[in-house]
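What follows is the content of work.txt (compact mmCIF, C-alpha atoms).
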```txt
# COMPACT_ATOMS: atom_id res chain seq x y z
CA MET F 19 0.00 0.00 0.00
CA ALA F 20 1.25 3.49 -0.82
CA ASP F 21 2.18 5.79 2.01
CA ALA F 22 -0.76 7.65 3.50
CA LYS F 23 -1.33 11.13 2.12
CA LYS F 24 -0.76 13.83 4.72
CA LEU F 25 -3.50 16.47 4.62
CA MET F 26 -3.67 19.59 6.79
CA TYR F 27 -7.17 21.02 7.20
CA ILE F 28 -6.96 24.62 8.43
CA SER F 29 -10.00 26.31 9.93
CA PRO F 30 -9.00 29.97 9.39
CA ILE F 31 -10.64 31.09 12.63
CA GLY F 32 -9.51 31.69 16.18
CA TYR F 33 -10.97 28.72 18.07
CA SER F 34 -9.96 25.07 18.09
CA PHE F 35 -12.71 23.26 20.00
CA LEU F 36 -14.10 21.72 16.79
CA ASP F 37 -10.74 20.52 15.46
CA ASP F 38 -11.06 16.93 16.71
CA GLN F 39 -14.67 16.70 15.53
CA ILE F 40 -13.68 18.00 12.10
CA LYS F 41 -10.77 15.55 11.86
CA ASN F 42 -12.98 12.56 12.68
CA TYR F 43 -15.63 13.75 10.25
CA ILE F 44 -13.16 14.10 7.36
CA LEU F 45 -11.60 10.70 8.05
CA LYS F 46 -14.93 9.03 7.28
CA TYR F 47 -14.77 10.24 3.67
CA VAL F 48 -11.11 10.04 2.61
CA GLU F 49 -9.01 6.96 1.91
CA ASN F 50 -5.39 6.30 2.89
CA CYS F 51 -5.01 9.78 4.37
CA THR F 52 -3.85 11.17 7.66
CA ILE F 53 -5.50 14.39 8.76
CA CYS F 54 -4.21 17.24 10.86
CA ALA F 55 -7.13 19.54 11.66
CA THR F 56 -5.95 22.83 13.05
CA SER F 57 -7.05 26.44 13.59
CA LEU F 58 -5.40 29.82 13.93
CA THR F 59 -4.30 31.26 17.25
CA LYS F 60 -4.92 34.98 16.68
CA ALA F 61 -8.01 35.35 14.54
CA PRO F 62 -11.72 36.23 14.65
CA TYR F 63 -14.18 33.44 15.44
CA HIS F 64 -15.81 33.76 12.01
CA LEU F 65 -15.09 35.45 8.68
CA GLU F 66 -18.50 36.89 7.90
CA TYR F 67 -16.85 40.26 7.30
CA LEU F 68 -14.14 40.90 4.72
CA TYR F 69 -12.32 42.96 7.33
CA TYR F 70 -12.03 39.86 9.49
CA SER F 71 -10.73 37.91 6.49
CA ALA F 72 -7.98 40.45 5.93
CA LEU F 73 -6.74 40.00 9.49
CA ILE F 74 -5.96 36.30 9.07
CA ALA F 75 -3.65 36.53 6.06
CA PRO F 76 -0.17 36.36 7.67
CA GLU F 77 -0.94 33.54 10.10
CA LEU F 78 -2.89 31.49 7.55
CA LEU F 79 -0.23 31.77 4.86
CA ASN F 80 2.55 31.09 7.35
CA LYS F 81 0.76 27.94 8.53
CA ILE F 82 0.42 26.73 4.95
CA ARG F 83 4.07 27.48 4.27
CA GLN F 84 5.05 25.56 7.41
CA ALA F 85 2.89 22.62 6.30
CA GLU F 86 4.98 22.27 3.16
CA ILE F 87 8.22 22.51 5.13
CA ASP F 88 6.91 19.81 7.48
CA GLY F 89 6.22 17.40 4.64
CA PHE F 90 2.46 17.64 4.25
CA ASP F 91 1.10 16.73 0.82
CA ALA F 92 -1.83 19.16 0.85
CA ALA F 93 -3.37 22.03 2.75
CA ILE F 94 -7.10 22.76 2.76
CA ILE F 95 -8.30 26.29 3.58
CA GLY F 96 -11.51 25.58 5.49
CA CYS F 97 -13.76 28.52 4.62
CA PHE F 98 -16.20 28.85 1.72
CA TYR F 99 -14.89 32.33 1.00
CA ASP F 100 -11.66 30.53 -0.12
CA PRO F 101 -9.57 33.22 1.59
CA PHE F 102 -6.10 33.69 0.10
CA LEU F 103 -6.31 30.56 -2.03
CA TYR F 104 -4.39 32.02 -4.96
CA GLU F 105 -1.79 33.57 -2.65
CA ALA F 106 -1.25 30.19 -0.98
CA ARG F 107 -0.76 28.46 -4.33
CA GLU F 108 1.65 31.17 -5.40
CA MET F 109 3.92 30.74 -2.40
CA SER F 110 3.78 26.93 -2.31
CA ASN F 111 6.11 24.74 -4.31
CA LYS F 112 4.85 21.15 -4.53
CA LEU F 113 2.15 21.47 -1.89
CA VAL F 114 -1.43 20.95 -3.11
CA VAL F 115 -3.73 23.74 -1.85
CA THR F 116 -7.51 23.50 -2.12
CA ALA F 117 -10.50 25.40 -0.76
CA PRO F 118 -14.22 24.63 -0.42
CA CYS F 119 -15.93 26.96 -2.90
CA GLU F 120 -13.72 26.23 -5.89
CA ALA F 121 -13.73 22.49 -5.15
CA SER F 122 -17.50 22.34 -4.61
CA LEU F 123 -18.42 24.23 -7.76
CA SER F 124 -16.01 22.13 -9.82
CA ILE F 125 -17.88 18.96 -8.85
CA ALA F 126 -21.35 20.57 -8.84
CA VAL F 127 -21.20 21.40 -12.56
CA LYS F 128 -20.33 17.76 -13.30
CA LEU F 129 -23.34 16.45 -11.37
CA GLY F 130 -26.01 18.74 -12.78
CA ALA F 131 -26.69 21.56 -15.22
CA THR F 132 -27.42 24.08 -12.44
CA PHE F 133 -26.62 24.55 -8.78
CA SER F 134 -27.77 26.66 -5.85
CA ILE F 135 -25.68 27.67 -2.84
CA ILE F 136 -27.12 27.68 0.68
CA VAL F 137 -25.44 30.43 2.70
CA GLY F 138 -25.64 31.59 6.28
CA ARG F 139 -26.60 35.25 5.84
CA ARG F 140 -27.48 37.58 3.01
CA LYS F 141 -24.33 39.54 3.90
CA MET F 142 -22.20 36.73 2.46
CA ILE F 143 -23.76 36.56 -0.99
CA PRO F 144 -22.02 39.40 -2.92
CA TYR F 145 -18.51 38.16 -2.18
CA MET F 146 -19.46 34.55 -2.90
CA ARG F 147 -21.06 35.64 -6.16
CA GLU F 148 -17.77 37.24 -7.15
CA ASN F 149 -16.02 33.93 -6.50
CA VAL F 150 -18.58 32.05 -8.61
CA ARG F 151 -17.89 34.52 -11.42
CA LYS F 152 -14.12 34.34 -10.93
CA TYR F 153 -14.13 30.55 -11.11
CA GLY F 154 -16.15 30.64 -14.34
CA PHE F 155 -19.38 29.03 -13.15
CA GLU F 156 -21.80 31.97 -13.18
CA SER F 157 -23.85 30.57 -16.06
CA LYS F 158 -24.60 27.44 -13.99
CA LEU F 159 -25.72 29.33 -10.86
CA ALA F 160 -29.46 28.95 -10.22
CA SER F 161 -29.57 30.95 -7.00
CA PHE F 162 -28.25 31.77 -3.60
CA ARG F 163 -30.50 30.91 -0.66
CA SER F 164 -29.88 32.36 2.79
CA VAL F 165 -30.92 30.66 6.05
CA GLU F 166 -30.16 33.84 8.04
CA LEU F 167 -27.93 32.13 10.58
CA GLY F 168 -24.40 33.08 11.54
CA VAL F 169 -21.47 30.74 11.00
CA LEU F 170 -21.35 29.86 14.69
CA ASP F 171 -25.05 28.93 14.70
CA PHE F 172 -24.72 25.94 12.38
CA GLN F 173 -23.16 23.69 14.99
CA ASP F 174 -24.53 25.49 18.08
CA LYS F 175 -28.17 25.35 16.87
CA LYS F 176 -28.19 22.18 14.80
CA ASP F 177 -31.93 21.51 14.83
CA LEU F 178 -32.77 25.02 13.70
CA ALA F 179 -29.98 24.98 11.14
CA GLU F 180 -31.13 21.67 9.68
CA GLU F 181 -34.72 22.87 9.44
CA ARG F 182 -33.73 26.04 7.58
CA ILE F 183 -31.24 24.32 5.30
CA LEU F 184 -33.86 21.77 4.32
CA ARG F 185 -36.40 24.51 3.66
CA GLU F 186 -34.15 26.68 1.51
CA ALA F 187 -32.64 23.74 -0.35
CA GLU F 188 -36.12 22.52 -1.26
CA ARG F 189 -37.04 25.99 -2.51
CA ALA F 190 -33.83 26.13 -4.54
CA VAL F 191 -34.75 22.89 -6.30
CA LYS F 192 -38.49 23.51 -6.77
CA GLU F 193 -38.54 27.27 -7.37
CA ASP F 194 -35.09 28.13 -8.74
CA GLY F 195 -34.42 25.08 -10.87
CA ALA F 196 -31.32 23.87 -9.03
CA GLU F 197 -30.22 20.34 -9.91
CA VAL F 198 -27.44 20.32 -7.31
CA VAL F 199 -27.34 21.99 -3.90
CA VAL F 200 -24.08 23.27 -2.44
CA LEU F 201 -23.82 23.92 1.30
CA GLY F 202 -21.99 27.24 1.20
CA CYS F 203 -20.28 27.18 4.60
CA THR F 204 -17.87 24.61 5.96
CA LYS F 205 -19.66 24.78 9.30
CA GLU F 206 -22.67 23.24 7.54
CA PHE F 207 -20.82 19.93 7.83
CA GLY F 208 -22.92 16.95 8.85
CA PHE F 209 -26.16 18.07 7.21
CA PHE F 210 -25.76 16.94 3.61
CA GLN F 211 -26.96 13.35 3.95
CA LYS F 212 -30.40 14.15 5.36
CA VAL F 213 -30.97 16.99 2.89
CA GLN F 214 -29.88 14.77 0.02
CA ASP F 215 -32.14 11.93 1.12
CA ASN F 216 -35.09 14.31 1.36
CA LEU F 217 -34.60 16.09 -1.94
CA GLY F 218 -33.23 13.34 -4.15
CA VAL F 219 -30.54 15.57 -5.69
CA PRO F 220 -26.79 15.75 -4.98
CA VAL F 221 -26.08 17.89 -1.91
CA ILE F 222 -22.45 18.90 -1.64
CA ASP F 223 -20.75 19.22 1.72
CA SER F 224 -18.01 21.73 0.97
CA MET F 225 -15.72 20.50 3.74
CA ILE F 226 -15.72 16.97 2.35
CA THR F 227 -15.36 18.17 -1.24
CA ALA F 228 -12.26 20.27 -0.55
CA CYS F 229 -10.62 17.30 1.19
CA LYS F 230 -11.58 14.85 -1.57
CA GLU F 231 -10.16 17.22 -4.15
CA ALA F 232 -6.93 17.47 -2.14
CA GLU F 233 -6.79 13.66 -1.90
CA TYR F 234 -7.25 13.35 -5.67
CA LEU F 235 -4.72 16.04 -6.57
CA VAL F 236 -2.09 14.49 -4.31
CA SER F 237 -2.64 11.19 -6.16
CA CYS F 238 -2.15 13.05 -9.46
CA LYS F 239 1.01 14.65 -8.11
CA ASN F 240 2.45 11.35 -6.92
CA MET F 241 1.54 9.36 -10.03
CA LEU F 242 1.82 11.94 -12.82
CA ASN F 243 3.91 14.75 -11.31
CA TRP F 244 1.06 17.20 -11.92
CA THR F 245 1.74 20.19 -9.67
CA THR F 246 0.92 23.88 -9.68
CA SER F 247 2.49 25.59 -12.68
CA LYS F 248 5.14 28.15 -11.81
CA VAL F 249 5.64 29.81 -15.20
CA GLY F 250 2.94 32.47 -14.86
CA ALA F 251 0.27 33.42 -12.36
CA TYR F 252 1.54 31.20 -9.55
CA GLU F 253 5.24 32.00 -9.87
CA THR F 254 6.68 31.81 -6.35
CA PRO F 255 8.38 34.81 -4.69
CA LYS F 256 12.12 34.47 -4.19
CA ASP F 257 13.35 33.59 -0.69
CA SER F 258 16.28 35.91 -1.30
CA GLU F 259 13.93 38.90 -1.60
CA ILE F 260 11.95 37.88 1.46
CA ARG F 261 15.18 37.73 3.48
CA GLN F 262 16.65 40.87 1.90
CA TRP F 263 13.59 42.91 2.84
CA LYS F 264 13.40 41.24 6.26
CA LEU F 265 9.84 40.15 5.58
CA ASP F 266 10.60 36.86 7.29
CA GLU F 267 11.38 38.79 10.47
CA TYR F 268 8.50 41.24 10.27
CA PHE F 269 5.84 38.62 9.49
CA LYS F 270 7.50 35.60 11.14
CA ILE F 271 7.54 33.73 7.83
CA PRO F 272 8.81 30.14 8.13
CA MET F 273 11.91 29.65 5.97
CA LYS F 274 13.61 26.46 4.88
```

Could I get this file's structure written as structure tokens?
Amino acid sequence: MADAKKLMYISPIGYSFLDDQIKNYILKYVENCTICATSLTKAPYHLEYLYYSALIAPELLNKIRQAEIDGFDAAIIGCFYDPFLYEAREMSNKLVVTAPCEASLSIAVKLGATFSIIVGRRKMIPYMRENVRKYGFESKLASFRSVELGVLDFQDKKDLAEERILREAERAVKEDGAEVVVLGCTKEFGFFQKVQDNLGVPVIDSMITACKEAEYLVSCKNMLNWTTSKVGAYETPKDSEIRQWKLDEYFKIPMK
């Protein structure tokens, strides 16, 4: 048997009490993988505001950089906003980096002609719509549906969250023409199976999808040497510049 793939799942938020639960959840859906589920130490408790997202950049990117140094095969950025995904790919060398929105939409368009995204609050929709457009899937988007719950509510108020997710997902299918439903927050983990059973359409758990994509891409890397291209958009900054400008000192950047 090939060596287990080492995946680091990073919740880009400032609390860790769900890390073990997330790890055990992911392990049910990946094969021949070890999982390190971790969080940030100095960060907001959710990223519902773009301002909060901006605050996490140095620690998140440093953690991903350290993951590559420590021999991980992949890092997963565990937020449906996909914060700093392109920046992480730019600075990584052979490390696979995935994130929930891009991964979920990539599979959604293969499972149906249209998809709807179930989000926590209306506040989140404009930025997510920009990501849908950026990733090239806008023509497949049937709708966004909001359950008007905060990120922290999904696991703290599970019964209410499940009720509202079911309601809005059903409306997305019956009223908006969605053929696939995407749960547009990683903290909506654990709900997909019941919603899927009730609606009879694919319901994508974005946490699982990002990890499955990482698992697959690591297999491609190991078997085919397919890694992130470095001849254009994802060209990696030079360590010599980082050291020359003392960025490693200012931002505590891990260096090989």

Q: Give the answer as one residue: which of F:Asp257, F:Ser110, F:Asn240, F:Val200 has the shortest atom-to-atom distance to Ile87 in chain F, using all atoms listed in the file?
A: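 Among the listed residues, the smallest separation from Ile87 in chain F belongs to F:Ser110.
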
Q. Skipping near chain neighbours, those fewer than 3 positions away, what residues fall within 6 Å of range 132-146 of chain F using all atoms listed in the file, listed as a ChimeraX atom specification?
A. /F:149,158-168,196-202

Based on the selection just made, write C-alpha atoms of those residues as a PDB file, keeping the file's coordinate frame.
```pdb
ATOM      1  CA  ASN F 149     -16.020  33.930  -6.500  1.00  0.00           C
ATOM      2  CA  LYS F 158     -24.600  27.440 -13.990  1.00  0.00           C
ATOM      3  CA  LEU F 159     -25.720  29.330 -10.860  1.00  0.00           C
ATOM      4  CA  ALA F 160     -29.460  28.950 -10.220  1.00  0.00           C
ATOM      5  CA  SER F 161     -29.570  30.950  -7.000  1.00  0.00           C
ATOM      6  CA  PHE F 162     -28.250  31.770  -3.600  1.00  0.00           C
ATOM      7  CA  ARG F 163     -30.500  30.910  -0.660  1.00  0.00           C
ATOM      8  CA  SER F 164     -29.880  32.360   2.790  1.00  0.00           C
ATOM      9  CA  VAL F 165     -30.920  30.660   6.050  1.00  0.00           C
ATOM     10  CA  GLU F 166     -30.160  33.840   8.040  1.00  0.00           C
ATOM     11  CA  LEU F 167     -27.930  32.130  10.580  1.00  0.00           C
ATOM     12  CA  GLY F 168     -24.400  33.080  11.540  1.00  0.00           C
ATOM     13  CA  ALA F 196     -31.320  23.870  -9.030  1.00  0.00           C
ATOM     14  CA  GLU F 197     -30.220  20.340  -9.910  1.00  0.00           C
ATOM     15  CA  VAL F 198     -27.440  20.320  -7.310  1.00  0.00           C
ATOM     16  CA  VAL F 199     -27.340  21.990  -3.900  1.00  0.00           C
ATOM     17  CA  VAL F 200     -24.080  23.270  -2.440  1.00  0.00           C
ATOM     18  CA  LEU F 201     -23.820  23.920   1.300  1.00  0.00           C
ATOM     19  CA  GLY F 202     -21.990  27.240   1.200  1.00  0.00           C
TER      20      GLY F 202
END
```

Go through range 177-207 of chain F and flag each residue having an atom no more than 12 Å from range 35-52 of chain F; for those, report the closest pair of atoms plus their distance in Å to one decimal, using all atoms listed in the file, ordered by chain and rising number, as a tab-separated table.
```
residue	atom	partner	partner_atom	distance
F:Thr204	CA	F:Ile40	CA	9.9
F:Lys205	CA	F:Ile40	CA	9.5
F:Glu206	CA	F:Ile40	CA	11.4
F:Phe207	CA	F:Tyr43	CA	8.4
```

Q: Find the residue from F:Val150, F:Leu79, F:Ile222, F:Ala20 that sits nearest to Ala106 in chain F; use all atoms listed in the file when measuring.
A: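 Closest candidate: F:Leu79.
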
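Nearest-residue note for Pro255 in chain F: choosing from F:Ala72, F:Leu58, F:Ala22, F:Met109, the minimum distance belongs to F:Met109, counting only C-alpha atoms.
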
**Q.** Residue with smallest distance to Val169 in chain F - pool F:Tyr153, F:Glu253, F:Val236, F:Cys203, counting all atoms listed in the file
**A.** F:Cys203

(Q) Given the point (-23.2, 14.9, -10.4) in the file's coordinates, find the residues that have an atom at most 10 Å from it, counting only C-alpha atoms, and give them as a list in words. (A)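 With a cut-off of 10 Å, the residues come to Ile125, Ala126, Val127, Lys128, Leu129, Gly130, Ala131, Glu197, Val198, Val219, Pro220, Val221 and Ile222 of chain F.
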
Could you write those residues out with C-alpha atoms, as a tab-separated table (two decimals), in the frame of the given file?
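Output contents, as saved in again-v6.tsv:
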```tsv
chain	number	residue	atom	x	y	z
F	125	ILE	CA	-17.88	18.96	-8.85
F	126	ALA	CA	-21.35	20.57	-8.84
F	127	VAL	CA	-21.20	21.40	-12.56
F	128	LYS	CA	-20.33	17.76	-13.30
F	129	LEU	CA	-23.34	16.45	-11.37
F	130	GLY	CA	-26.01	18.74	-12.78
F	131	ALA	CA	-26.69	21.56	-15.22
F	197	GLU	CA	-30.22	20.34	-9.91
F	198	VAL	CA	-27.44	20.32	-7.31
F	219	VAL	CA	-30.54	15.57	-5.69
F	220	PRO	CA	-26.79	15.75	-4.98
F	221	VAL	CA	-26.08	17.89	-1.91
F	222	ILE	CA	-22.45	18.90	-1.64
```

Q | Distance in Å - CA of His64 in chain F versus CA of Arg151 in chain F | A |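 Atom-to-atom, CA of His64 in chain F to CA of Arg151 in chain F, that is 23.5 Å.
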
Can you put N, CA and C atoms back into range 200-212 of chain F and show it as an mmCIF file, in the frame of the given file?
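Listing of rebuild_14.cif after writing:
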```cif
data_model
loop_
_atom_site.group_PDB
_atom_site.id
_atom_site.type_symbol
_atom_site.label_atom_id
_atom_site.label_comp_id
_atom_site.auth_asym_id
_atom_site.auth_seq_id
_atom_site.Cartn_x
_atom_site.Cartn_y
_atom_site.Cartn_z
ATOM 1 N N VAL F 200 -25.393 23.134 -3.071
ATOM 2 C CA VAL F 200 -24.080 23.270 -2.440
ATOM 3 C C VAL F 200 -24.277 23.945 -1.083
ATOM 4 N N LEU F 201 -23.765 23.327 -0.037
ATOM 5 C CA LEU F 201 -23.820 23.920 1.300
ATOM 6 C C LEU F 201 -22.652 24.901 1.416
ATOM 7 N N GLY F 202 -22.985 26.200 1.379
ATOM 8 C CA GLY F 202 -21.990 27.240 1.200
ATOM 9 C C GLY F 202 -21.349 27.751 2.473
ATOM 10 N N CYS F 203 -21.070 26.848 3.413
ATOM 11 C CA CYS F 203 -20.280 27.180 4.600
ATOM 12 C C CYS F 203 -19.722 25.875 5.128
ATOM 13 N N THR F 204 -18.451 25.850 5.452
ATOM 14 C CA THR F 204 -17.870 24.610 5.960
ATOM 15 C C THR F 204 -18.482 24.193 7.288
ATOM 16 N N LYS F 205 -19.037 25.147 8.023
ATOM 17 C CA LYS F 205 -19.660 24.780 9.300
ATOM 18 C C LYS F 205 -21.051 24.167 9.090
ATOM 19 N N GLU F 206 -21.465 24.016 7.845
ATOM 20 C CA GLU F 206 -22.670 23.240 7.540
ATOM 21 C C GLU F 206 -22.340 21.754 7.411
ATOM 22 N N PHE F 207 -21.187 21.351 7.940
ATOM 23 C CA PHE F 207 -20.820 19.930 7.830
ATOM 24 C C PHE F 207 -21.765 19.077 8.680
ATOM 25 N N GLY F 208 -22.069 17.891 8.143
ATOM 26 C CA GLY F 208 -22.920 16.950 8.850
ATOM 27 C C GLY F 208 -24.378 16.986 8.446
ATOM 28 N N PHE F 209 -24.759 17.941 7.603
ATOM 29 C CA PHE F 209 -26.160 18.070 7.210
ATOM 30 C C PHE F 209 -26.483 17.473 5.844
ATOM 31 N N PHE F 210 -25.486 17.230 5.028
ATOM 32 C CA PHE F 210 -25.760 16.940 3.610
ATOM 33 C C PHE F 210 -26.585 15.670 3.411
ATOM 34 N N GLN F 211 -26.316 14.641 4.209
ATOM 35 C CA GLN F 211 -26.960 13.350 3.950
ATOM 36 C C GLN F 211 -28.478 13.431 4.094
ATOM 37 N N LYS F 212 -28.952 14.062 5.158
ATOM 38 C CA LYS F 212 -30.400 14.150 5.360
ATOM 39 C C LYS F 212 -31.047 15.011 4.284
#
```
